[in-house]
Amino acid sequence: MNLWDTPAGFDQPLAALSACHRRIEKQMATLTRLQKHVSRNGFDNDGRIAATRILRYFVQAAPHHHADEENDLFPKVLRAAEAPADRAQAFELVSHLLVEHRDMEAIWEKLYDALQCLQSGEKTQLDGQLCKEFTRIYSGHIDREDKLLFPLAARLLNQRELQSLGNAMAHRRGLPPPVFSA
């Protein structure tokens, strides 16, 4: 069984972050379908439901995910990378991921505006290139985190650091601290 494919709570913070990636991928698949649906059928009730769900996810959940990484995971990985090779890998990877976060946020602002305009009736189409660019950046980003960052973090972070990460993730969402197995 692959750790990164299993649903997990904050007692398994790296698996929980990866599980969030699966939810992001589902939202991006919905976005792709929505763009095609709107171009064929206009913005109908099905389109409105899909747009509302995409908006809700990327306005509520995605910012928590980025904060989990930027405020907690990235600094922990950078501090734990003591060997020169680990330090270089962690610094390069985190630097790249931070740039991608800013790129995703900039494209999300445009996509958010477009989805809002669809919902208000100001627009009748959804820009396919904008949707593809958002999906392209997010897909590459998720792949880098799943294949490079999370395995590096699993190797470098000790149990105390993982518990701290899980506690911070739960706290950010207003949830009680997770119960960690001994």
# chains A, B, ... in the order shown; residues from 1 in each chain; ligands from 1

call {"tool": "residues_around", "arguments": {"residues": "Val77 in chain A", "least_positions_apart": "3", "cutoff": "10 Å", "atoms": "only C-alpha atoms", "output": "list in words"}}
result
Glu69, Asp72, Leu73, Phe74, Ala80, Ala81, Glu82, Asp86, Arg87, Ala90, Phe91, Val94, Leu149, Phe150, Leu152, Ala153, Ala154, Arg155, Leu156, Leu157 and Glu161 of chain A

call {"tool": "select_by_dssp", "arguments": {"residues": "range 30-145 of chain A", "states": "alpha helix (DSSP H)", "output": "JSON list (two decimals) with N, CA and C atoms, in the first residue's frame"}}
result
[["chain", "number", "residue", "atom", "x", "y", "z"],
["A", 30, "THR", "N", -12.80, 18.79, -12.43],
["A", 30, "THR", "CA", -14.10, 19.45, -12.53],
["A", 30, "THR", "C", -13.99, 20.75, -13.31],
["A", 31, "LEU", "N", -12.92, 21.50, -13.08],
["A", 31, "LEU", "CA", -12.70, 22.75, -13.81],
["A", 31, "LEU", "C", -12.58, 22.48, -15.31],
["A", 32, "THR", "N", -11.85, 21.44, -15.68],
["A", 32, "THR", "CA", -11.71, 21.09, -17.10],
["A", 32, "THR", "C", -13.06, 20.73, -17.70],
["A", 33, "ARG", "N", -13.82, 19.94, -16.97],
["A", 33, "ARG", "CA", -15.15, 19.56, -17.46],
["A", 33, "ARG", "C", -16.07, 20.78, -17.53],
["A", 34, "LEU", "N", -15.97, 21.67, -16.55],
["A", 34, "LEU", "CA", -16.80, 22.87, -16.54],
["A", 34, "LEU", "C", -16.51, 23.74, -17.75],
["A", 35, "GLN", "N", -15.25, 23.93, -18.07],
["A", 35, "GLN", "CA", -14.90, 24.78, -19.21],
["A", 35, "GLN", "C", -15.51, 24.21, -20.49],
["A", 36, "LYS", "N", -15.42, 22.91, -20.68],
["A", 36, "LYS", "CA", -15.99, 22.26, -21.87],
["A", 36, "LYS", "C", -17.51, 22.33, -21.85],
["A", 37, "HIS", "N", -18.09, 22.11, -20.67],
["A", 37, "HIS", "CA", -19.55, 22.15, -20.53],
["A", 37, "HIS", "C", -20.09, 23.53, -20.88],
["A", 38, "VAL", "N", -19.45, 24.56, -20.36],
["A", 38, "VAL", "CA", -19.92, 25.92, -20.60],
["A", 38, "VAL", "C", -19.79, 26.27, -22.08],
["A", 39, "SER", "N", -18.71, 25.84, -22.74],
["A", 39, "SER", "CA", -18.55, 26.16, -24.16],
["A", 39, "SER", "C", -19.62, 25.46, -25.01],
["A", 40, "ARG", "N", -20.08, 24.28, -24.57],
["A", 40, "ARG", "CA", -21.10, 23.54, -25.32],
["A", 40, "ARG", "C", -22.53, 23.93, -24.93],
["A", 41, "ASN", "N", -22.76, 24.13, -23.64],
["A", 41, "ASN", "CA", -24.13, 24.26, -23.14],
["A", 41, "ASN", "C", -24.46, 25.62, -22.52],
["A", 45, "ASN", "N", -27.47, 25.40, -14.71],
["A", 45, "ASN", "CA", -27.47, 25.04, -13.29],
["A", 45, "ASN", "C", -26.34, 24.07, -12.94],
["A", 46, "ASP", "N", -26.06, 23.10, -13.82],
["A", 46, "ASP", "CA", -24.94, 22.19, -13.56],
["A", 46, "ASP", "C", -23.62, 22.96, -13.50],
["A", 47, "GLY", "N", -23.46, 23.90, -14.41],
["A", 47, "GLY", "CA", -22.26, 24.74, -14.41],
["A", 47, "GLY", "C", -22.16, 25.57, -13.14],
["A", 48, "ARG", "N", -23.27, 26.09, -12.70],
["A", 48, "ARG", "CA", -23.29, 26.91, -11.48],
["A", 48, "ARG", "C", -22.87, 26.08, -10.26],
["A", 49, "ILE", "N", -23.38, 24.86, -10.18],
["A", 49, "ILE", "CA", -23.01, 23.98, -9.06],
["A", 49, "ILE", "C", -21.52, 23.67, -9.09],
["A", 50, "ALA", "N", -21.00, 23.33, -10.27],
["A", 50, "ALA", "CA", -19.57, 23.02, -10.40],
["A", 50, "ALA", "C", -18.72, 24.23, -10.05],
["A", 51, "ALA", "N", -19.09, 25.39, -10.56],
["A", 51, "ALA", "CA", -18.32, 26.62, -10.28],
["A", 51, "ALA", "C", -18.34, 26.94, -8.80],
["A", 52, "THR", "N", -19.48, 26.77, -8.16],
["A", 52, "THR", "CA", -19.60, 27.03, -6.73],
["A", 52, "THR", "C", -18.68, 26.11, -5.93],
["A", 53, "ARG", "N", -18.64, 24.85, -6.30],
["A", 53, "ARG", "CA", -17.78, 23.90, -5.59],
["A", 53, "ARG", "C", -16.30, 24.21, -5.79],
["A", 54, "ILE", "N", -15.92, 24.57, -7.01],
["A", 54, "ILE", "CA", -14.53, 24.95, -7.29],
["A", 54, "ILE", "C", -14.16, 26.19, -6.49],
["A", 55, "LEU", "N", -15.01, 27.19, -6.53],
["A", 55, "LEU", "CA", -14.75, 28.42, -5.77],
["A", 55, "LEU", "C", -14.61, 28.13, -4.28],
["A", 56, "ARG", "N", -15.53, 27.36, -3.75],
["A", 56, "ARG", "CA", -15.50, 27.06, -2.32],
["A", 56, "ARG", "C", -14.18, 26.37, -1.95],
["A", 62, "ALA", "N", -7.74, 25.39, -0.08],
["A", 62, "ALA", "CA", -6.41, 25.56, -0.68],
["A", 62, "ALA", "C", -5.52, 26.52, 0.10],
["A", 63, "PRO", "N", -6.03, 27.65, 0.60],
["A", 63, "PRO", "CA", -5.16, 28.53, 1.40],
["A", 63, "PRO", "C", -4.62, 27.85, 2.66],
["A", 64, "HIS", "N", -5.41, 26.98, 3.29],
["A", 64, "HIS", "CA", -4.92, 26.23, 4.45],
["A", 64, "HIS", "C", -3.77, 25.32, 4.03],
["A", 65, "HIS", "N", -3.93, 24.67, 2.90],
["A", 65, "HIS", "CA", -2.91, 23.75, 2.41],
["A", 65, "HIS", "C", -1.59, 24.50, 2.17],
["A", 66, "HIS", "N", -1.67, 25.64, 1.51],
["A", 66, "HIS", "CA", -0.45, 26.42, 1.26],
["A", 66, "HIS", "C", 0.15, 26.91, 2.58],
["A", 67, "ALA", "N", -0.67, 27.31, 3.52],
["A", 67, "ALA", "CA", -0.16, 27.76, 4.82],
["A", 67, "ALA", "C", 0.48, 26.60, 5.57],
["A", 74, "PHE", "N", 7.67, 23.58, 5.16],
["A", 74, "PHE", "CA", 8.90, 24.06, 4.53],
["A", 74, "PHE", "C", 9.96, 24.44, 5.57],
["A", 75, "PRO", "N", 9.61, 25.27, 6.57],
["A", 75, "PRO", "CA", 10.64, 25.62, 7.57],
["A", 75, "PRO", "C", 11.18, 24.40, 8.31],
["A", 76, "LYS", "N", 10.33, 23.45, 8.63],
["A", 76, "LYS", "CA", 10.79, 22.24, 9.34],
["A", 76, "LYS", "C", 11.77, 21.45, 8.47],
["A", 77, "VAL", "N", 11.46, 21.29, 7.20],
["A", 77, "VAL", "CA", 12.34, 20.55, 6.30],
["A", 77, "VAL", "C", 13.67, 21.28, 6.17],
["A", 78, "LEU", "N", 13.62, 22.59, 6.01],
["A", 78, "LEU", "CA", 14.86, 23.36, 5.87],
["A", 78, "LEU", "C", 15.73, 23.25, 7.13],
["A", 79, "ARG", "N", 15.11, 23.31, 8.31],
["A", 79, "ARG", "CA", 15.87, 23.19, 9.56],
["A", 79, "ARG", "C", 16.43, 21.78, 9.75],
["A", 80, "ALA", "N", 15.69, 20.78, 9.32],
["A", 80, "ALA", "CA", 16.12, 19.40, 9.53],
["A", 80, "ALA", "C", 17.19, 18.96, 8.54],
["A", 84, "PRO", "N", 25.00, 18.57, 3.91],
["A", 84, "PRO", "CA", 25.09, 19.52, 2.79],
["A", 84, "PRO", "C", 24.22, 19.16, 1.59],
["A", 85, "ALA", "N", 24.19, 17.89, 1.21],
["A", 85, "ALA", "CA", 23.38, 17.48, 0.06],
["A", 85, "ALA", "C", 21.89, 17.67, 0.35],
["A", 86, "ASP", "N", 21.46, 17.31, 1.57],
["A", 86, "ASP", "CA", 20.06, 17.50, 1.96],
["A", 86, "ASP", "C", 19.71, 18.98, 1.99],
["A", 87, "ARG", "N", 20.61, 19.78, 2.54],
["A", 87, "ARG", "CA", 20.38, 21.22, 2.64],
["A", 87, "ARG", "C", 20.21, 21.83, 1.25],
["A", 88, "ALA", "N", 21.09, 21.46, 0.33],
["A", 88, "ALA", "CA", 21.00, 21.99, -1.04],
["A", 88, "ALA", "C", 19.70, 21.55, -1.71],
["A", 89, "GLN", "N", 19.36, 20.27, -1.57],
["A", 89, "GLN", "CA", 18.13, 19.77, -2.17],
["A", 89, "GLN", "C", 16.91, 20.46, -1.57],
["A", 90, "ALA", "N", 16.88, 20.58, -0.25],
["A", 90, "ALA", "CA", 15.72, 21.19, 0.42],
["A", 90, "ALA", "C", 15.58, 22.65, 0.02],
["A", 91, "PHE", "N", 16.69, 23.38, 0.00],
["A", 91, "PHE", "CA", 16.63, 24.80, -0.35],
["A", 91, "PHE", "C", 16.14, 25.00, -1.78],
["A", 92, "GLU", "N", 16.70, 24.23, -2.71],
["A", 92, "GLU", "CA", 16.30, 24.35, -4.12],
["A", 92, "GLU", "C", 14.83, 23.99, -4.30],
["A", 93, "LEU", "N", 14.41, 22.90, -3.68],
["A", 93, "LEU", "CA", 13.03, 22.44, -3.81],
["A", 93, "LEU", "C", 12.05, 23.44, -3.20],
["A", 94, "VAL", "N", 12.31, 23.86, -1.97],
["A", 94, "VAL", "CA", 11.40, 24.80, -1.30],
["A", 94, "VAL", "C", 11.34, 26.13, -2.05],
["A", 95, "SER", "N", 12.48, 26.61, -2.53],
["A", 95, "SER", "CA", 12.49, 27.86, -3.30],
["A", 95, "SER", "C", 11.61, 27.74, -4.53],
["A", 96, "HIS", "N", 11.72, 26.63, -5.24],
["A", 96, "HIS", "CA", 10.91, 26.40, -6.44],
["A", 96, "HIS", "C", 9.42, 26.30, -6.10],
["A", 97, "LEU", "N", 9.11, 25.59, -5.04],
["A", 97, "LEU", "CA", 7.71, 25.42, -4.64],
["A", 97, "LEU", "C", 7.07, 26.74, -4.22],
["A", 98, "LEU", "N", 7.84, 27.59, -3.56],
["A", 98, "LEU", "CA", 7.31, 28.90, -3.15],
["A", 98, "LEU", "C", 6.99, 29.76, -4.37],
["A", 99, "VAL", "N", 7.85, 29.72, -5.38],
["A", 99, "VAL", "CA", 7.58, 30.46, -6.62],
["A", 99, "VAL", "C", 6.31, 29.93, -7.26],
["A", 100, "GLU", "N", 6.16, 28.61, -7.28],
["A", 100, "GLU", "CA", 4.95, 28.03, -7.86],
["A", 100, "GLU", "C", 3.70, 28.44, -7.07],
["A", 101, "HIS", "N", 3.80, 28.52, -5.76],
["A", 101, "HIS", "CA", 2.65, 28.99, -4.97],
["A", 101, "HIS", "C", 2.23, 30.38, -5.43],
["A", 102, "ARG", "N", 3.19, 31.27, -5.62],
["A", 102, "ARG", "CA", 2.85, 32.63, -6.05],
["A", 102, "ARG", "C", 2.25, 32.60, -7.46],
["A", 103, "ASP", "N", 2.80, 31.76, -8.34],
["A", 103, "ASP", "CA", 2.25, 31.64, -9.70],
["A", 103, "ASP", "C", 0.82, 31.12, -9.67],
["A", 104, "MET", "N", 0.58, 30.10, -8.85],
["A", 104, "MET", "CA", -0.77, 29.54, -8.75],
["A", 104, "MET", "C", -1.75, 30.57, -8.19],
["A", 105, "GLU", "N", -1.30, 31.33, -7.20],
["A", 105, "GLU", "CA", -2.17, 32.35, -6.61],
["A", 105, "GLU", "C", -2.50, 33.44, -7.62],
["A", 106, "ALA", "N", -1.53, 33.83, -8.45],
["A", 106, "ALA", "CA", -1.79, 34.86, -9.47],
["A", 106, "ALA", "C", -2.79, 34.36, -10.51],
["A", 107, "ILE", "N", -2.63, 33.13, -10.95],
["A", 107, "ILE", "CA", -3.58, 32.58, -11.93],
["A", 107, "ILE", "C", -4.94, 32.36, -11.27],
["A", 108, "TRP", "N", -4.95, 31.92, -10.01],
["A", 108, "TRP", "CA", -6.21, 31.72, -9.31],
["A", 108, "TRP", "C", -7.00, 33.03, -9.25],
["A", 109, "GLU", "N", -6.34, 34.16, -9.02],
["A", 109, "GLU", "CA", -7.06, 35.44, -8.99],
["A", 109, "GLU", "C", -7.83, 35.67, -10.28],
["A", 110, "LYS", "N", -7.20, 35.39, -11.41],
["A", 110, "LYS", "CA", -7.87, 35.55, -12.72],
["A", 110, "LYS", "C", -9.00, 34.54, -12.87],
["A", 111, "LEU", "N", -8.75, 33.31, -12.47],
["A", 111, "LEU", "CA", -9.76, 32.28, -12.58],
["A", 111, "LEU", "C", -10.93, 32.56, -11.64],
["A", 112, "TYR", "N", -10.63, 33.03, -10.43],
["A", 112, "TYR", "CA", -11.67, 33.40, -9.47],
["A", 112, "TYR", "C", -12.57, 34.47, -10.08],
["A", 113, "ASP", "N", -11.94, 35.51, -10.64],
["A", 113, "ASP", "CA", -12.73, 36.58, -11.27],
["A", 113, "ASP", "C", -13.60, 36.03, -12.40],
["A", 114, "ALA", "N", -13.03, 35.14, -13.22],
["A", 114, "ALA", "CA", -13.78, 34.57, -14.34],
["A", 114, "ALA", "C", -14.96, 33.75, -13.85],
["A", 115, "LEU", "N", -14.75, 32.94, -12.80],
["A", 115, "LEU", "CA", -15.84, 32.13, -12.26],
["A", 115, "LEU", "C", -16.92, 33.02, -11.63],
["A", 116, "GLN", "N", -16.50, 34.07, -10.97],
["A", 116, "GLN", "CA", -17.47, 35.01, -10.39],
["A", 116, "GLN", "C", -18.27, 35.69, -11.49],
["A", 117, "CYS", "N", -17.61, 36.08, -12.58],
["A", 117, "CYS", "CA", -18.31, 36.71, -13.70],
["A", 117, "CYS", "C", -19.29, 35.75, -14.35],
["A", 118, "LEU", "N", -18.92, 34.49, -14.44],
["A", 118, "LEU", "CA", -19.86, 33.49, -14.96],
["A", 118, "LEU", "C", -21.09, 33.41, -14.07],
["A", 119, "GLN", "N", -20.85, 33.33, -12.78],
["A", 119, "GLN", "CA", -21.97, 33.20, -11.85],
["A", 119, "GLN", "C", -22.88, 34.43, -11.86],
["A", 120, "SER", "N", -22.31, 35.59, -12.07],
["A", 120, "SER", "CA", -23.12, 36.81, -12.06],
["A", 120, "SER", "C", -23.76, 37.09, -13.42],
["A", 128, "GLY", "N", -10.46, 28.74, -21.79],
["A", 128, "GLY", "CA", -9.83, 27.43, -21.78],
["A", 128, "GLY", "C", -8.34, 27.49, -21.50],
["A", 129, "GLN", "N", -7.64, 28.49, -22.02],
["A", 129, "GLN", "CA", -6.20, 28.62, -21.79],
["A", 129, "GLN", "C", -5.91, 28.89, -20.32],
["A", 130, "LEU", "N", -6.73, 29.72, -19.70],
["A", 130, "LEU", "CA", -6.56, 30.03, -18.29],
["A", 130, "LEU", "C", -6.74, 28.76, -17.45],
["A", 131, "CYS", "N", -7.76, 27.98, -17.77],
["A", 131, "CYS", "CA", -8.01, 26.72, -17.05],
["A", 131, "CYS", "C", -6.85, 25.75, -17.25],
["A", 132, "LYS", "N", -6.35, 25.64, -18.48],
["A", 132, "LYS", "CA", -5.23, 24.74, -18.76],
["A", 132, "LYS", "C", -3.97, 25.19, -18.03],
["A", 133, "GLU", "N", -3.71, 26.48, -17.99],
["A", 133, "GLU", "CA", -2.50, 26.97, -17.31],
["A", 133, "GLU", "C", -2.58, 26.70, -15.81],
["A", 134, "PHE", "N", -3.73, 26.94, -15.22],
["A", 134, "PHE", "CA", -3.92, 26.67, -13.79],
["A", 134, "PHE", "C", -3.69, 25.19, -13.50],
["A", 135, "THR", "N", -4.28, 24.34, -14.31],
["A", 135, "THR", "CA", -4.14, 22.90, -14.14],
["A", 135, "THR", "C", -2.70, 22.45, -14.38],
["A", 136, "ARG", "N", -2.04, 23.00, -15.38],
["A", 136, "ARG", "CA", -0.66, 22.63, -15.69],
["A", 136, "ARG", "C", 0.27, 22.95, -14.53],
["A", 137, "ILE", "N", 0.17, 24.16, -14.00],
["A", 137, "ILE", "CA", 1.06, 24.56, -12.90],
["A", 137, "ILE", "C", 0.77, 23.72, -11.66],
["A", 138, "TYR", "N", -0.50, 23.57, -11.33],
["A", 138, "TYR", "CA", -0.85, 22.79, -10.14],
["A", 138, "TYR", "C", -0.41, 21.34, -10.29],
["A", 139, "SER", "N", -0.59, 20.75, -11.46],
["A", 139, "SER", "CA", -0.21, 19.35, -11.66],
["A", 139, "SER", "C", 1.28, 19.13, -11.47],
["A", 140, "GLY", "N", 2.10, 19.99, -12.05],
["A", 140, "GLY", "CA", 3.54, 19.88, -11.87],
["A", 140, "GLY", "C", 3.95, 20.09, -10.42],
["A", 141, "HIS", "N", 3.30, 21.02, -9.78],
["A", 141, "HIS", "CA", 3.58, 21.33, -8.38],
["A", 141, "HIS", "C", 3.25, 20.13, -7.49],
["A", 142, "ILE", "N", 2.09, 19.56, -7.69],
["A", 142, "ILE", "CA", 1.67, 18.39, -6.91],
["A", 142, "ILE", "C", 2.65, 17.24, -7.14],
["A", 143, "ASP", "N", 3.04, 17.03, -8.36],
["A", 143, "ASP", "CA", 3.98, 15.95, -8.68],
["A", 143, "ASP", "C", 5.30, 16.16, -7.94],
["A", 144, "ARG", "N", 5.82, 17.38, -7.93],
["A", 144, "ARG", "CA", 7.08, 17.68, -7.22],
["A", 144, "ARG", "C", 6.94, 17.43, -5.71]]

call {"tool": "closest_residue", "arguments": {"among": "A:Pro151, A:Asp68, A:Asp11, A:Ser181", "to": "Ala168 in chain A", "atoms": "only C-alpha atoms"}}
result
A:Asp68

call {"tool": "atom_distance", "arguments": {"atom1": "CA of Ala15 in chain A", "atom2": "CA of Asp146 in chain A"}}
result
9.5 Å

call {"tool": "residues_around", "arguments": {"residues": "Gly9 in chain A", "least_positions_apart": "3", "cutoff": "12 Å", "atoms": "only C-alpha atoms", "output": "list of chain:residue names"}}
result
A:Thr6, A:Gln12, A:Pro13, A:Leu14, A:Ala15, A:Ala16, A:Leu17, A:Ser18, A:Ala19, A:Cys20, A:Gln163, A:Leu165, A:Gly166, A:Asn167, A:Met169, A:Ala170, A:Leu175, A:Pro176, A:Pro177, A:Pro178, A:Val179, A:Phe180, A:Ser181

call {"tool": "closest_residue", "arguments": {"among": "A:Phe43, A:Gln60, A:Gln159, A:Lys26", "to": "Glu122 in chain A", "atoms": "only C-alpha atoms"}}
result
A:Phe43
